[in-house]
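Below is the file data-v3.txt, which contains compact mmCIF, N, CA and C atoms.
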# COMPACT_ATOMS: atom_id res chain seq x y z
N MET A 859 -8.12 -8.25 7.21
CA MET A 859 -7.65 -7.01 6.63
C MET A 859 -6.30 -7.25 5.94
N ASN A 860 -6.12 -6.70 4.76
CA ASN A 860 -4.91 -6.91 3.98
C ASN A 860 -3.65 -6.43 4.67
N ARG A 861 -3.71 -5.35 5.41
CA ARG A 861 -2.51 -4.84 6.08
C ARG A 861 -1.95 -5.85 7.08
N ARG A 862 -2.80 -6.58 7.73
CA ARG A 862 -2.33 -7.59 8.69
C ARG A 862 -1.59 -8.72 7.99
N LYS A 863 -1.95 -9.00 6.75
CA LYS A 863 -1.28 -10.06 6.00
C LYS A 863 0.10 -9.62 5.52
N THR A 864 0.21 -8.38 5.05
CA THR A 864 1.47 -7.92 4.50
C THR A 864 2.48 -7.52 5.57
N CYS A 865 2.01 -7.15 6.74
CA CYS A 865 2.93 -6.73 7.79
C CYS A 865 2.41 -7.18 9.15
N PRO A 866 2.55 -8.47 9.44
CA PRO A 866 2.06 -8.96 10.73
C PRO A 866 2.83 -8.34 11.89
N THR A 867 2.25 -8.37 13.06
CA THR A 867 2.86 -7.77 14.24
C THR A 867 4.19 -8.43 14.59
N SER A 868 4.47 -9.62 14.07
CA SER A 868 5.72 -10.31 14.36
C SER A 868 6.92 -9.69 13.62
N LEU A 869 6.69 -8.86 12.62
CA LEU A 869 7.79 -8.24 11.88
C LEU A 869 8.37 -7.08 12.68
N PRO A 870 9.71 -6.98 12.68
CA PRO A 870 10.33 -5.84 13.38
C PRO A 870 10.01 -4.52 12.68
N ARG A 871 9.88 -3.47 13.46
CA ARG A 871 9.60 -2.14 12.93
C ARG A 871 10.67 -1.17 13.42
N PRO A 872 11.67 -0.92 12.57
CA PRO A 872 12.73 0.00 12.97
C PRO A 872 12.17 1.40 13.26
N LYS A 873 12.79 2.10 14.19
CA LYS A 873 12.35 3.44 14.55
C LYS A 873 12.39 4.36 13.33
N GLY A 874 11.30 5.12 13.12
CA GLY A 874 11.23 6.06 12.02
C GLY A 874 10.88 5.44 10.68
N LYS A 875 10.63 4.14 10.67
CA LYS A 875 10.30 3.44 9.43
C LYS A 875 8.87 2.91 9.48
N GLN A 876 8.28 2.77 8.30
CA GLN A 876 6.96 2.14 8.18
C GLN A 876 7.01 1.19 7.00
N ARG A 877 6.08 0.27 6.97
CA ARG A 877 6.00 -0.70 5.90
C ARG A 877 5.21 -0.12 4.74
N VAL A 878 5.72 -0.33 3.54
CA VAL A 878 4.99 0.03 2.33
C VAL A 878 4.81 -1.27 1.55
N GLU A 879 3.67 -1.42 0.92
CA GLU A 879 3.39 -2.67 0.20
C GLU A 879 2.84 -2.37 -1.19
N TYR A 880 3.02 -3.34 -2.08
CA TYR A 880 2.44 -3.26 -3.41
C TYR A 880 2.01 -4.65 -3.80
N PRO A 881 0.83 -4.88 -4.29
CA PRO A 881 -0.25 -3.92 -4.43
C PRO A 881 -0.64 -3.32 -3.08
N TYR A 882 -1.19 -2.14 -3.14
CA TYR A 882 -1.56 -1.40 -1.94
C TYR A 882 -2.50 -2.23 -1.06
N ALA A 883 -2.28 -2.16 0.24
CA ALA A 883 -3.14 -2.89 1.17
C ALA A 883 -4.59 -2.45 1.08
N SER A 884 -4.82 -1.25 0.57
CA SER A 884 -6.19 -0.75 0.44
C SER A 884 -6.94 -1.35 -0.74
N THR A 885 -6.26 -2.19 -1.52
CA THR A 885 -6.90 -2.82 -2.67
C THR A 885 -7.23 -4.28 -2.39
N THR A 886 -8.10 -4.83 -3.20
CA THR A 886 -8.46 -6.24 -3.07
C THR A 886 -7.23 -7.13 -3.25
N GLU A 887 -6.33 -6.74 -4.15
CA GLU A 887 -5.14 -7.54 -4.44
C GLU A 887 -4.06 -7.43 -3.38
N GLY A 888 -4.14 -6.42 -2.52
CA GLY A 888 -3.11 -6.23 -1.50
C GLY A 888 -3.14 -7.35 -0.48
N GLY A 889 -2.00 -7.61 0.13
CA GLY A 889 -1.90 -8.68 1.12
C GLY A 889 -1.63 -10.01 0.46
N GLY A 890 -1.75 -11.07 1.20
CA GLY A 890 -1.56 -12.39 0.63
C GLY A 890 -0.15 -12.91 0.81
N ILE A 891 0.33 -13.63 -0.20
CA ILE A 891 1.62 -14.31 -0.11
C ILE A 891 2.73 -13.40 -0.63
N ILE A 892 3.59 -12.94 0.27
CA ILE A 892 4.70 -12.07 -0.11
C ILE A 892 5.68 -12.86 -0.98
N GLY A 893 6.15 -12.21 -2.04
CA GLY A 893 7.11 -12.85 -2.92
C GLY A 893 6.47 -13.50 -4.13
N LYS A 894 5.18 -13.73 -4.10
CA LYS A 894 4.49 -14.31 -5.24
C LYS A 894 3.97 -13.19 -6.13
N THR A 895 3.05 -12.40 -5.63
CA THR A 895 2.50 -11.29 -6.40
C THR A 895 2.54 -9.99 -5.63
N GLN A 896 3.08 -10.01 -4.41
CA GLN A 896 3.13 -8.82 -3.58
C GLN A 896 4.56 -8.58 -3.10
N SER A 897 4.82 -7.36 -2.70
CA SER A 897 6.11 -7.04 -2.08
C SER A 897 5.89 -6.05 -0.96
N ARG A 898 6.85 -5.99 -0.05
CA ARG A 898 6.79 -5.04 1.05
C ARG A 898 8.21 -4.61 1.39
N LYS A 899 8.30 -3.43 1.96
CA LYS A 899 9.60 -2.89 2.33
C LYS A 899 9.40 -1.83 3.42
N MET A 900 10.35 -1.70 4.29
CA MET A 900 10.32 -0.65 5.29
C MET A 900 10.96 0.60 4.68
N ILE A 901 10.25 1.72 4.77
CA ILE A 901 10.75 2.99 4.24
C ILE A 901 10.58 4.08 5.28
N ASP A 902 11.14 5.24 5.02
CA ASP A 902 10.98 6.39 5.90
C ASP A 902 9.50 6.66 6.13
N ALA A 903 9.13 6.85 7.39
CA ALA A 903 7.72 7.04 7.74
C ALA A 903 7.10 8.24 7.04
N GLY A 904 7.85 9.33 6.92
CA GLY A 904 7.33 10.52 6.24
C GLY A 904 7.04 10.26 4.77
N HIS A 905 7.92 9.52 4.12
CA HIS A 905 7.69 9.18 2.71
C HIS A 905 6.46 8.30 2.56
N ASN A 906 6.28 7.38 3.50
CA ASN A 906 5.12 6.51 3.43
C ASN A 906 3.82 7.30 3.61
N ARG A 907 3.83 8.25 4.53
CA ARG A 907 2.64 9.09 4.73
C ARG A 907 2.33 9.91 3.47
N GLN A 908 3.38 10.45 2.83
CA GLN A 908 3.18 11.21 1.60
C GLN A 908 2.57 10.34 0.51
N GLY A 909 3.06 9.11 0.40
CA GLY A 909 2.50 8.18 -0.58
C GLY A 909 1.04 7.86 -0.30
N GLY A 910 0.73 7.66 0.98
CA GLY A 910 -0.66 7.39 1.36
C GLY A 910 -1.58 8.56 1.06
N THR A 911 -1.07 9.76 1.28
CA THR A 911 -1.85 10.97 0.98
C THR A 911 -2.12 11.06 -0.52
N GLN A 912 -1.10 10.80 -1.32
CA GLN A 912 -1.26 10.85 -2.78
C GLN A 912 -2.24 9.78 -3.26
N LEU A 913 -2.16 8.58 -2.67
CA LEU A 913 -3.08 7.52 -3.07
C LEU A 913 -4.52 7.89 -2.71
N ALA A 914 -4.72 8.46 -1.53
CA ALA A 914 -6.07 8.89 -1.12
C ALA A 914 -6.60 9.97 -2.06
N LYS A 915 -5.74 10.90 -2.48
CA LYS A 915 -6.16 11.92 -3.44
C LYS A 915 -6.54 11.31 -4.78
N PHE A 916 -5.78 10.30 -5.22
CA PHE A 916 -6.09 9.60 -6.46
C PHE A 916 -7.46 8.93 -6.37
N TYR A 917 -7.70 8.21 -5.27
CA TYR A 917 -9.00 7.56 -5.09
C TYR A 917 -10.13 8.59 -5.14
N ASP A 918 -9.94 9.71 -4.45
CA ASP A 918 -10.96 10.74 -4.40
C ASP A 918 -11.18 11.39 -5.76
N ALA A 919 -10.09 11.77 -6.43
CA ALA A 919 -10.20 12.47 -7.73
C ALA A 919 -10.87 11.61 -8.79
N HIS A 920 -10.65 10.30 -8.71
CA HIS A 920 -11.20 9.40 -9.71
C HIS A 920 -12.42 8.64 -9.21
N ARG A 921 -12.89 9.04 -8.04
CA ARG A 921 -14.09 8.44 -7.43
C ARG A 921 -14.02 6.92 -7.34
N ILE A 922 -12.87 6.45 -6.92
CA ILE A 922 -12.66 5.01 -6.77
C ILE A 922 -13.17 4.59 -5.40
N ILE A 923 -14.03 3.58 -5.40
CA ILE A 923 -14.57 3.04 -4.16
C ILE A 923 -14.19 1.56 -4.07
N PRO A 924 -14.29 0.96 -2.88
CA PRO A 924 -13.92 -0.45 -2.74
C PRO A 924 -14.62 -1.31 -3.79
N GLY A 925 -13.82 -2.15 -4.43
CA GLY A 925 -14.34 -3.05 -5.46
C GLY A 925 -14.17 -2.52 -6.87
N ASP A 926 -13.89 -1.22 -7.04
CA ASP A 926 -13.66 -0.67 -8.37
C ASP A 926 -12.36 -1.19 -8.98
N THR A 927 -12.34 -1.27 -10.29
CA THR A 927 -11.15 -1.66 -11.01
C THR A 927 -10.41 -0.41 -11.46
N PHE A 928 -9.09 -0.40 -11.30
CA PHE A 928 -8.28 0.70 -11.81
C PHE A 928 -6.91 0.17 -12.13
N TYR A 929 -6.16 0.92 -12.91
CA TYR A 929 -4.83 0.53 -13.35
C TYR A 929 -3.81 1.43 -12.67
N ALA A 930 -2.78 0.84 -12.09
CA ALA A 930 -1.72 1.61 -11.43
C ALA A 930 -0.42 1.39 -12.20
N ARG A 931 0.16 2.48 -12.66
CA ARG A 931 1.43 2.42 -13.38
C ARG A 931 2.48 3.11 -12.52
N THR A 932 3.63 2.47 -12.33
CA THR A 932 4.69 3.06 -11.54
C THR A 932 5.89 3.37 -12.41
N ASN A 933 6.66 4.32 -11.97
CA ASN A 933 7.89 4.67 -12.69
C ASN A 933 9.10 4.20 -11.91
Just dump the structure as structure tokens.
Amino acid sequence: MNRRKTCPTSLPRPKGKQRVEYPYASTTEGGGIIGKTQSRKMIDAGHNRQGGTQLAKFYDAHRIIPGDTFYARTN
């Protein structure tokens, strides 16, 4: 699973924080070698949940299923 690669259990988890990764762990590209094509950061847990909710809505609205190709643009 990609989430295990981007945030192994050996990483510290500060109270109230969660790991956010890009590319998203829910994608084929998520996970792998940090610093090469992926990044991760600990952020406020509430913000991370909001981001996950928005991503799930995006997948649903655009009928994206595992293996589909899509383009993600960030600001």
*Give me every strand (DSSP E) residue in region 880-927 of chain A, going by DSSP on the backbone, as a list in words.*
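Assigned to strand (DSSP E), within region 880-927 of chain A: Tyr880, Ser897, Arg898, Lys899, Met900, Ile901 and Asp902 of chain A.
The environment of Gly888 (chain A) within 8 Å, counting only C-alpha atoms and disregarding residues fewer than 4 places along the same chain, consists of A:Asn860, A:Arg861, A:Thr864, A:Glu879, A:Tyr880, A:Pro881, A:Tyr882, A:Ala883, A:Ser884, A:Gln896.
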_I want to know what sits within 12 Å of Gly910 (chain A), based on only C-alpha atoms, with residues of the same chain fewer than 3 positions away left out; could you give that as a ChimeraX atom specification?_
/A:876-879,882-884,903-907,913-917
*Figure out the distance between atom C of Asn933 (chain A) and atom C of Leu869 (chain A), please, to one decimal in Å.*
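About the pair atom C of Leu869 (chain A) and atom C of Asn933 (chain A): they are 27.1 Å apart.
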_Distance of atom N of Lys899 (chain A) from atom C of Lys863 (chain A), expressed in Å to one decimal place_ =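 Atom N of Lys899 (chain A) lies 10.9 Å from atom C of Lys863 (chain A).
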